[in-house]
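The file input38.cif contains mmCIF, C-alpha atoms:
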data_protein
loop_
_atom_site.label_atom_id
_atom_site.label_comp_id
_atom_site.auth_asym_id
_atom_site.auth_seq_id
_atom_site.Cartn_x
_atom_site.Cartn_y
_atom_site.Cartn_z
CA MET A 122 -13.22 0.34 -5.92
CA TRP A 123 -11.49 3.12 -3.98
CA LYS A 124 -13.85 6.04 -4.52
CA THR A 125 -15.20 6.43 -0.99
CA ALA A 126 -14.80 4.90 2.42
CA GLY A 127 -17.58 5.86 4.73
CA SER A 128 -17.91 9.62 4.70
CA ARG A 129 -14.37 10.41 3.52
CA ARG A 130 -13.46 10.90 -0.12
CA TYR A 131 -10.11 10.04 -1.61
CA LYS A 132 -8.56 13.12 -3.17
CA MET A 133 -4.89 12.25 -3.71
CA LEU A 134 -3.43 9.14 -5.29
CA LEU A 135 -0.03 7.73 -4.38
CA HIS A 136 1.96 6.32 -7.29
CA ILE A 137 3.55 3.07 -6.05
CA GLY A 138 5.30 2.17 -9.31
CA GLU A 139 4.46 0.14 -12.40
CA ASN A 140 1.64 2.53 -13.29
CA ARG A 141 -0.27 1.60 -10.11
CA PHE A 142 -1.84 4.02 -7.66
CA VAL A 143 -3.51 3.79 -4.25
CA PRO A 144 -5.48 6.48 -2.41
CA GLU A 145 -3.02 8.36 -0.23
CA ASN A 146 -5.36 8.56 2.75
CA ALA A 147 -6.02 4.79 2.63
CA VAL A 148 -2.35 4.09 3.36
CA VAL A 149 -1.90 2.75 6.88
CA ALA A 150 1.75 1.70 6.71
CA ILE A 151 4.67 1.25 4.35
CA PHE A 152 7.44 -1.19 5.14
CA PRO A 153 10.58 -2.26 3.27
CA ALA A 154 10.50 -5.58 1.46
CA ASP A 155 13.92 -6.58 2.75
CA GLN A 156 12.99 -6.19 6.43
CA ILE A 157 9.80 -8.19 6.86
CA SER A 158 8.91 -9.05 10.44
CA PRO A 159 7.19 -12.38 11.20
CA GLU A 160 3.95 -10.48 11.88
CA ASN A 161 4.09 -8.68 8.53
CA ASP A 162 4.96 -11.92 6.74
CA ARG A 163 1.91 -13.57 8.29
CA LEU A 164 -0.28 -10.62 7.26
CA ILE A 165 1.01 -10.77 3.66
CA ARG A 166 0.28 -14.49 3.47
CA GLU A 167 -3.20 -14.00 4.97
CA CYS A 168 -4.00 -11.25 2.45
CA ALA A 169 -2.69 -13.41 -0.41
CA GLU A 170 -4.92 -16.30 0.67
CA THR A 171 -8.00 -14.07 0.74
CA GLY A 172 -7.38 -12.15 -2.50
CA ARG A 173 -6.32 -8.91 -0.82
CA TYR A 174 -2.66 -9.01 -1.90
CA TYR A 175 -1.57 -7.33 -5.12
CA PRO A 176 1.89 -8.47 -6.23
CA SER A 177 4.44 -6.38 -8.06
CA TYR A 178 5.44 -7.23 -11.62
CA SER A 179 9.07 -6.90 -10.57
CA GLU A 180 10.95 -7.57 -7.34
CA PRO A 181 9.13 -5.58 -4.62
CA LYS A 182 11.09 -2.90 -2.80
CA SER A 183 8.34 -2.17 -0.29
CA TYR A 184 4.86 -3.15 0.80
CA VAL A 185 1.99 -0.68 1.14
CA LEU A 186 -0.69 -1.61 3.64
CA CYS A 187 -4.04 0.04 2.90
CA GLU A 188 -7.41 -0.06 4.65
CA LYS A 189 -10.84 0.33 3.10
CA ASP A 190 -14.10 -0.27 4.94
CA GLY A 191 -12.35 -2.27 7.66
CA CYS A 192 -10.50 -4.56 5.22
CA VAL A 193 -6.73 -4.60 4.89
CA TYR A 194 -5.11 -4.75 1.45
CA ILE A 195 -1.40 -5.11 0.72
CA TYR A 196 0.31 -3.90 -2.43
CA ALA A 197 3.83 -5.01 -3.30
CA ALA A 198 5.49 -1.88 -4.68
CA SER A 199 8.44 -1.54 -7.01
CA THR A 200 9.21 1.79 -5.34
CA ALA A 201 11.32 2.11 -2.19
CA MET A 202 9.68 2.92 1.14
CA ARG A 203 11.64 6.17 1.49
CA THR A 204 10.46 7.39 -1.93
CA LEU A 205 6.83 6.56 -1.13
CA LYS A 206 7.01 8.39 2.21
CA GLU A 207 8.54 11.42 0.46
CA ARG A 208 5.69 11.42 -2.08
CA ILE A 209 3.11 11.37 0.71
CA SER A 210 4.91 14.18 2.51
CA GLU A 211 5.02 16.27 -0.69
CA GLN A 212 1.32 15.73 -1.33
CA ARG A 213 0.42 16.86 2.18
CA SER A 214 2.41 20.10 1.99
#
Whole structure, structure tokens version:
Amino acid sequence: MWKTAGSRRYKMLLHIGENRFVPENAVVAIFPADQISPENDRLIRECAETGRYYPSYSEPKSYVLCEKDGCVYIYAASTAMRTLKERISEQRS
């Protein structure tokens, strides 16, 4: 599903917890689960209604917004936003 998007290839995977991974360069935003704005709440509900929301098996600590071929996908992650951002930063260095 996530092998290519247009002409770019996904090289690094971001571990978001619970043995789940997303392509690092598909990540558009990460936001904490305990600070959901009305706009983000609406986006989560819209993605859930259209099959583009992937829930966490446990209580989510953050949400990872990804984009592939113009479609937005949201993953509920069991890993904190700060940890995910640190992982991305480490992969880029």
Exercise for review: For the structure shown, which residues end up in the PyMOL selection byres ((chain A and resi 200-214) around 8)? Put them as a PyMOL selection string, please?
Suggested key: chain A and resi 133+135-138+145+151-153+181-184+198-199
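Atom CA of A:Leu186 is positioned 8.4 Å from atom CA of A:Ala147.
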Practice item. Determine the residue membership of the PyMOL selection byres ((chain A and resi 187) around 10) for the file above and supply it as a list of chain:residue names. Key: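 For this structure, the PyMOL selection byres ((chain A and resi 187) around 10) resolves to A:Val143, A:Pro144, A:Glu145, A:Asn146, A:Ala147, A:Val148, A:Val149, A:Ala150, A:Ile151, A:Arg173, A:Tyr184, A:Val185, A:Leu186, A:Glu188, A:Lys189, A:Gly191, A:Cys192, A:Val193, A:Tyr194, A:Ile195, A:Tyr196.
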Point to revise | Which of A:Lys132, A:Ala197, A:Asp155, A:Glu139 sits closest to A:Cys168 [using all atoms listed in the file] | key: A:Ala197
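The space separating atom CA of A:Tyr178 from atom CA of A:Asp190 comes to 26.5 Å.
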Specify the axis-aligned box that encloses all atoms of stretch 130-144 of chain A listed in the file after padding of 8 Å on each side, stating its centre and edge lengths in Å to one decimal as JSON.
{"center_x": -4.1, "center_y": 6.6, "center_z": -6.7, "size_x": 34.8, "size_y": 29.0, "size_z": 29.2}
Exercise for review: Quote the spacing between atom CA of A:Pro176 and atom CA of A:Glu160 in Å to one decimal place.
Suggested key: 18.3 Å
